[in-house]
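Presented below is the structure to which this report refers.
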Amino acid sequence: MTELAVEGADMGTLHHLDDHRPTPTGESTVDLTKPAAPDEAPVAAEAPASRWVRSGRAIRRAATHERTRTAGRLTVRHGMYVVGGGRIVARRTWEGRTAARYERMLQAAEAAGNLDLATEWEERGAKFRAARHQRRMDLLTAPVKFAKGAAAGAAVTAGGLLLLGIFLAIANKDWTDLATPTMALIELVQWIVLIISVVWGPLVTLGPWAAVLGLWAVGRHQKAAPQWSLPTHARSGGEPITPSIVVKALRDLGISTLRAAVKEMGDAGASMLGPITIAGCGVEVDVTLPSGVSTNEVQGRRRKLAENLARHEHEVFITIPQAARTVRLWIADSGALDEPIGPSPLVTDDTLTADYTKGRAAWGQNLRGDAAALSLYQRHLLITGLSNQGKTAALRALALWAALDPRVEFRISDLKGVGDWAMFEGLATFLNQGPADENVIAATEMVEGLVTEMNRRIEVRRNDPKAVFAPLIGIVDEAQVAFMCPVKDKNNIPYGGSKATSRYFMAVRKVHNQGRAVDVLLYEGTQDPTDQNLPKLVREGAHTRASLVLGTESQARMALGDKAVDGGAAPHQLRQGLDKGTLVVASDGIDVPAGQASITVRTHYIDDDQAKAITDRAKALRNGVTTLHVIDRDEERDPLADIATVLGNDARVRTQEVITRLAALDENTYGGWSFIDLKRVLDDAGAEPYKSDGRMVVARDRVTSALANRDGDGSASASE
């Protein structure tokens, strides 16, 4: 072992072994001349790195240094600009002189199943070949024509020079001037030859470099270099959308059928695309999908499509137009949707007024950048979304516009109660603010008051079909508070709830069913919709449905309906916190592109101070409005006792007749009653209506028995 250790040591180690100088304190020496103990391995001094190792490390550090990598990317980038530019120019030249372009487009149209387009490209190709053949045939006779033309041109030139010489000779009285024009032409040719001989050398030297520079410019404009070699700001930085970019993005979606179809089309997959048009702060293009690819497959890959287009998910919108097997892509300019839109016309134009019947509320802008205006005429409204995303501001903006029509009356219940609607004091005839149970009761009675007014107007319209009414708009903000309220009235009927036993629910349904015809409208704002806080019948009763950002697709379907979501509406794909005030709207009161079921609107934000200034203008248009904060309640009636009263001595009475008699007894209380209201009271009392001779009737014995039992229970409770 000792011999091997010595032989394996380098010269520096041997020198160390021969060095008998004292060892510094704290250090130990190892005698390699002695055998090592069984449990002890020999320790050899680490040899210094060789010159080759040090050189390799230095080369690696230099090669991986950021400056070296930057220089390398610069070299590759500009070199590839020239190569790519040459490839692009060659391809353009080839396509310009051959029928390759027409053949490619023809194959693409056939692969897409578009026979009409295929026929059109076939005709274009035939015309191109015919014209090319004619040009080639013309070349056969070109030498003869050129010779004839040259001879004729020479003769005309010689004759002209001679005639000019004759004129000069006569004028100067010197016959030697006959040759002066000819000699001048010869001298001009001599100077041209001299100039060319001087310039030709530099032109030959600089010409290739100019050509390389031209190729470099083409390649640089088309970014014909690998992505890794491009500058950081130019990589996936939202470059302009071109047909090739769209086709590549679709090809790489991960849909095998689509990828195979694009591959069969060759480089002309762009035949799937319609014209790419500028649409506001982005572009829009219709894509006709190949056979075997469904539109919902593309919709389901929105994020991947956006990434393939070098965009964020929120910058790409996919909708379904009217044409079959087609998706419409709207692709925003990179970062454009993060820029705020301008102020509302309600703020910038102090002279602006409104017309509820014929006008449209200036609400915001669509994605194209065009003004998005909504008609409020005879349309119930529902706005929903997650909390703190701009729901109240969007709802209030519509009310502020309507307030500039002095005919409009407002009755408002703000069940949040933080002052968002305080500026309507002196403008609304009723204003209820707060989240307490008492506020829910007031909101319920407010909506029931809308029902009473609706019934009064219907009665007037029955007598006078041409009667016209001033618009009455009821607004309930944070309506989910009303639906979730557990409080019951003295007859044990709940104010809130999502069932037919709820007073608020039933009042809303009645307004939805008939209010529009007599201009009694209801606007509701809710948050985080569920079947409990936004019942199906209520949300489907709104003519205009709008949604801010939501958490799930199921919530989006609750907010806008299945048709809108199936057509591409996706409020659940908006960005919470970043897309505040952005609404997806489904309504016939707003201009929606043909074939689409919804439109995305970026609403104008109107702050509290601006809203107060607008309401001050609206108040100036009116003669003065007194705002009530409490519903004037008539004397509380006992529905069961009143039913017993109207039954009189009849053993049983048809339910509809009972409702008619109750309305005659007290129009304000029972004028809006339906069979459901009557049944609810009787069921709770244990005097359920039943069928007799095929008709629902109320039995006097059951009602009187229920009254007796109720009064007896009350007396027993009192005596206890």
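Residues are referred to by chain and number: the chain letter is A, B, ... according to the order shown in the structure tokens, the number counts from 1 in that chain, and ligands are numbered separately from 1 in the order shown.
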
Query - 8 Å contact set for A:Phe469, only C-alpha atoms, chain neighbours under 2 positions out, as a VMD selection string - result: chain A and resid 457 467 471 518 to 519

Could you dump the residues just selected with N, CA and C atoms as a PDB file, in the first residue's frame?
ATOM      1  N   ARG A 457    -103.600  50.299 -12.146  1.00  0.00           N
ATOM      2  CA  ARG A 457    -103.392  50.711 -13.528  1.00  0.00           C
ATOM      3  C   ARG A 457    -104.038  49.725 -14.500  1.00  0.00           C
ATOM      4  N   ALA A 467    -105.087  54.438 -22.091  1.00  0.00           N
ATOM      5  CA  ALA A 467    -104.513  55.128 -20.931  1.00  0.00           C
ATOM      6  C   ALA A 467    -102.994  54.976 -20.923  1.00  0.00           C
ATOM      7  N   PRO A 471     -93.865  56.161 -15.812  1.00  0.00           N
ATOM      8  CA  PRO A 471     -93.093  54.981 -15.395  1.00  0.00           C
ATOM      9  C   PRO A 471     -92.829  54.990 -13.889  1.00  0.00           C
ATOM     10  N   VAL A 518     -97.972  48.017 -17.824  1.00  0.00           N
ATOM     11  CA  VAL A 518     -98.459  49.316 -17.330  1.00  0.00           C
ATOM     12  C   VAL A 518     -97.304  50.136 -16.748  1.00  0.00           C
ATOM     13  N   ASP A 519     -96.068  49.842 -17.217  1.00  0.00           N
ATOM     14  CA  ASP A 519     -94.874  50.610 -16.858  1.00  0.00           C
ATOM     15  C   ASP A 519     -94.585  50.601 -15.361  1.00  0.00           C
TER      16      ASP A 519
END

Query raised in the report: Could you pull the residues within 12 Å of A:Lys391, counting only C-alpha atoms, minus those fewer than 2 positions along the same chain, as a PyMOL selection string?
Result: chain A and resi 382-389+393-398+420+477-479+524-528+546-550+579-584+603-605

Can I get the selected residues back with N, CA and C atoms, as a short mmCIF file (atom, residue, chain, number, x, y, z; two decimals), in the first residue's frame?
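Output contents, as saved in selection17.cif:
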data_model
loop_
_atom_site.label_atom_id
_atom_site.label_comp_id
_atom_site.auth_asym_id
_atom_site.auth_seq_id
_atom_site.Cartn_x
_atom_site.Cartn_y
_atom_site.Cartn_z
N LEU A 382 -82.16 42.65 -13.79
CA LEU A 382 -81.46 41.90 -12.75
C LEU A 382 -79.96 42.04 -12.98
N ILE A 383 -79.24 42.48 -11.95
CA ILE A 383 -77.78 42.56 -12.00
C ILE A 383 -77.24 41.75 -10.83
N THR A 384 -76.30 40.86 -11.13
CA THR A 384 -75.72 40.04 -10.08
C THR A 384 -74.22 39.94 -10.27
N GLY A 385 -73.55 39.36 -9.30
CA GLY A 385 -72.09 39.23 -9.33
C GLY A 385 -71.55 39.01 -7.94
N LEU A 386 -70.25 38.82 -7.85
CA LEU A 386 -69.64 38.67 -6.54
C LEU A 386 -69.60 40.02 -5.82
N SER A 387 -69.33 39.97 -4.54
CA SER A 387 -69.32 41.19 -3.72
C SER A 387 -68.18 42.11 -4.13
N ASN A 388 -68.44 43.42 -4.05
CA ASN A 388 -67.44 44.45 -4.26
C ASN A 388 -66.85 44.42 -5.67
N GLN A 389 -67.69 44.20 -6.66
CA GLN A 389 -67.23 44.19 -8.05
C GLN A 389 -67.90 45.27 -8.90
N ALA A 393 -72.83 50.28 -8.37
CA ALA A 393 -72.48 51.39 -9.26
C ALA A 393 -73.11 51.22 -10.64
N ALA A 394 -73.12 49.99 -11.15
CA ALA A 394 -73.71 49.75 -12.47
C ALA A 394 -75.23 49.94 -12.42
N LEU A 395 -75.88 49.46 -11.35
CA LEU A 395 -77.32 49.62 -11.22
C LEU A 395 -77.69 51.09 -11.02
N ARG A 396 -76.91 51.77 -10.21
CA ARG A 396 -77.19 53.18 -9.93
C ARG A 396 -77.00 54.05 -11.17
N ALA A 397 -76.06 53.69 -12.03
CA ALA A 397 -75.83 54.47 -13.25
C ALA A 397 -77.08 54.49 -14.12
N LEU A 398 -77.79 53.36 -14.20
CA LEU A 398 -79.02 53.32 -14.98
C LEU A 398 -80.11 54.17 -14.34
N ASP A 420 -75.22 54.27 -0.39
CA ASP A 420 -75.00 54.26 -1.84
C ASP A 420 -76.13 54.95 -2.60
N ASP A 477 -81.82 46.88 -3.97
CA ASP A 477 -80.39 46.54 -4.02
C ASP A 477 -80.08 45.59 -2.87
N GLU A 478 -79.22 44.62 -3.14
CA GLU A 478 -78.92 43.53 -2.20
C GLU A 478 -80.19 42.72 -1.91
N ALA A 479 -80.88 42.32 -2.97
CA ALA A 479 -82.15 41.62 -2.82
C ALA A 479 -81.98 40.26 -2.15
N GLU A 524 -83.50 44.67 -9.64
CA GLU A 524 -82.92 44.01 -8.48
C GLU A 524 -81.41 43.83 -8.68
N GLY A 525 -80.70 44.05 -7.59
CA GLY A 525 -79.27 43.77 -7.57
C GLY A 525 -78.98 42.75 -6.49
N THR A 526 -78.29 41.66 -6.84
CA THR A 526 -77.98 40.62 -5.87
C THR A 526 -76.51 40.23 -6.02
N GLN A 527 -76.02 39.50 -5.04
CA GLN A 527 -74.64 39.05 -5.11
C GLN A 527 -74.54 37.56 -4.84
N ASP A 528 -73.51 36.94 -5.47
CA ASP A 528 -73.19 35.54 -5.25
C ASP A 528 -74.44 34.66 -5.36
N ALA A 546 -77.84 40.94 -16.32
CA ALA A 546 -76.43 41.33 -16.44
C ALA A 546 -75.65 40.73 -15.28
N SER A 547 -74.42 40.38 -15.55
CA SER A 547 -73.60 39.74 -14.52
C SER A 547 -72.19 40.29 -14.53
N LEU A 548 -71.70 40.61 -13.34
CA LEU A 548 -70.28 40.90 -13.14
C LEU A 548 -69.56 39.57 -12.96
N VAL A 549 -68.32 39.62 -12.49
CA VAL A 549 -67.55 38.41 -12.32
C VAL A 549 -68.24 37.46 -11.34
N LEU A 550 -68.26 36.18 -11.69
CA LEU A 550 -68.83 35.14 -10.84
C LEU A 550 -67.82 34.03 -10.63
N ASP A 579 -61.51 43.23 -13.06
CA ASP A 579 -62.54 43.57 -14.05
C ASP A 579 -63.76 44.17 -13.37
N LYS A 580 -63.53 45.01 -12.39
CA LYS A 580 -64.66 45.69 -11.73
C LYS A 580 -65.44 46.52 -12.74
N GLY A 581 -66.76 46.42 -12.65
CA GLY A 581 -67.61 47.20 -13.54
C GLY A 581 -67.78 46.61 -14.92
N THR A 582 -67.14 45.47 -15.21
CA THR A 582 -67.31 44.82 -16.50
C THR A 582 -68.46 43.83 -16.40
N LEU A 583 -69.45 44.00 -17.27
CA LEU A 583 -70.68 43.20 -17.23
C LEU A 583 -70.83 42.38 -18.50
N VAL A 584 -71.39 41.20 -18.34
CA VAL A 584 -71.86 40.43 -19.49
C VAL A 584 -73.38 40.57 -19.48
N THR A 603 -68.57 49.28 -17.96
CA THR A 603 -69.45 50.38 -17.57
C THR A 603 -68.65 51.59 -17.09
N HIS A 604 -69.25 52.76 -17.29
CA HIS A 604 -68.69 53.99 -16.75
C HIS A 604 -68.88 54.01 -15.23
N TYR A 605 -67.86 54.42 -14.51
CA TYR A 605 -67.98 54.53 -13.06
C TYR A 605 -68.36 55.96 -12.69
#

Query raised in the report: Which is closer to A:Cys485 than all the others in A:Asn455, A:Asn513, A:Thr444, A:Thr182, using only C-alpha atoms?
Result: A:Thr444

Report task. Could you give me, as an MDAnalysis selection string, the residues within 7 Å of stretch 501-508 of chain A, counting only C-alpha atoms and dropping anything in the same chain fewer than 2 positions from it? Result -> chainID A and resid 444 447:448 451 493:499 510:512 680

Report task. Fewer than 2 positions away in the same chain doesn't count, so skip those; otherwise give me all residues within 9 Å of stretch 241-243 of chain A, counting only C-alpha atoms, as a ChimeraX atom specification. Result -> /A:238-239,245-248,269-271,273,275-276,283,309,331,333

Would you put the residues from that selection into a file with N, CA and C atoms, as a PDB file, in the first residue's frame?
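Result went into part.pdb, see below:
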ATOM      1  N   GLY A 238     -47.557  40.271 -27.268  1.00  0.00           N
ATOM      2  CA  GLY A 238     -48.786  40.766 -27.872  1.00  0.00           C
ATOM      3  C   GLY A 238     -48.573  41.282 -29.274  1.00  0.00           C
ATOM      4  N   GLU A 239     -47.810  40.526 -30.083  1.00  0.00           N
ATOM      5  CA  GLU A 239     -47.566  40.959 -31.449  1.00  0.00           C
ATOM      6  C   GLU A 239     -48.877  41.015 -32.222  1.00  0.00           C
ATOM      7  N   ILE A 245     -50.712  33.369 -37.274  1.00  0.00           N
ATOM      8  CA  ILE A 245     -50.691  33.253 -35.815  1.00  0.00           C
ATOM      9  C   ILE A 245     -51.972  32.594 -35.317  1.00  0.00           C
ATOM     10  N   VAL A 246     -53.113  32.981 -35.887  1.00  0.00           N
ATOM     11  CA  VAL A 246     -54.387  32.394 -35.465  1.00  0.00           C
ATOM     12  C   VAL A 246     -54.437  30.910 -35.809  1.00  0.00           C
ATOM     13  N   VAL A 247     -53.992  30.574 -37.019  1.00  0.00           N
ATOM     14  CA  VAL A 247     -54.019  29.168 -37.434  1.00  0.00           C
ATOM     15  C   VAL A 247     -53.114  28.326 -36.542  1.00  0.00           C
ATOM     16  N   LYS A 248     -51.924  28.808 -36.252  1.00  0.00           N
ATOM     17  CA  LYS A 248     -51.015  28.063 -35.383  1.00  0.00           C
ATOM     18  C   LYS A 248     -51.607  27.901 -33.984  1.00  0.00           C
ATOM     19  N   GLY A 269     -53.961  27.009 -43.807  1.00  0.00           N
ATOM     20  CA  GLY A 269     -55.031  26.848 -42.833  1.00  0.00           C
ATOM     21  C   GLY A 269     -55.795  28.127 -42.623  1.00  0.00           C
ATOM     22  N   ALA A 270     -55.234  29.229 -43.090  1.00  0.00           N
ATOM     23  CA  ALA A 270     -55.924  30.513 -42.946  1.00  0.00           C
ATOM     24  C   ALA A 270     -57.212  30.566 -43.740  1.00  0.00           C
ATOM     25  N   SER A 271     -57.455  29.579 -44.609  1.00  0.00           N
ATOM     26  CA  SER A 271     -58.719  29.569 -45.331  1.00  0.00           C
ATOM     27  C   SER A 271     -59.895  29.337 -44.393  1.00  0.00           C
ATOM     28  N   LEU A 273     -60.308  31.073 -41.855  1.00  0.00           N
ATOM     29  CA  LEU A 273     -60.543  32.372 -41.238  1.00  0.00           C
ATOM     30  C   LEU A 273     -61.293  33.314 -42.173  1.00  0.00           C
ATOM     31  N   PRO A 275     -62.184  37.534 -42.699  1.00  0.00           N
ATOM     32  CA  PRO A 275     -61.312  38.708 -42.614  1.00  0.00           C
ATOM     33  C   PRO A 275     -61.038  39.087 -41.160  1.00  0.00           C
ATOM     34  N   ILE A 276     -59.797  39.438 -40.874  1.00  0.00           N
ATOM     35  CA  ILE A 276     -59.433  39.941 -39.544  1.00  0.00           C
ATOM     36  C   ILE A 276     -59.681  41.450 -39.549  1.00  0.00           C
ATOM     37  N   VAL A 283     -58.937  42.959 -32.299  1.00  0.00           N
ATOM     38  CA  VAL A 283     -59.362  42.514 -33.619  1.00  0.00           C
ATOM     39  C   VAL A 283     -60.384  41.397 -33.458  1.00  0.00           C
ATOM     40  N   LEU A 309     -51.946  32.590 -28.508  1.00  0.00           N
ATOM     41  CA  LEU A 309     -51.991  33.889 -29.196  1.00  0.00           C
ATOM     42  C   LEU A 309     -51.145  34.939 -28.497  1.00  0.00           C
ATOM     43  N   ILE A 331     -59.916  39.354 -29.992  1.00  0.00           N
ATOM     44  CA  ILE A 331     -58.596  39.307 -29.368  1.00  0.00           C
ATOM     45  C   ILE A 331     -58.159  40.732 -29.081  1.00  0.00           C
ATOM     46  N   ASP A 333     -55.858  43.959 -27.944  1.00  0.00           N
ATOM     47  CA  ASP A 333     -54.465  44.373 -27.948  1.00  0.00           C
ATOM     48  C   ASP A 333     -53.900  44.135 -26.550  1.00  0.00           C
TER      49      ASP A 333
END
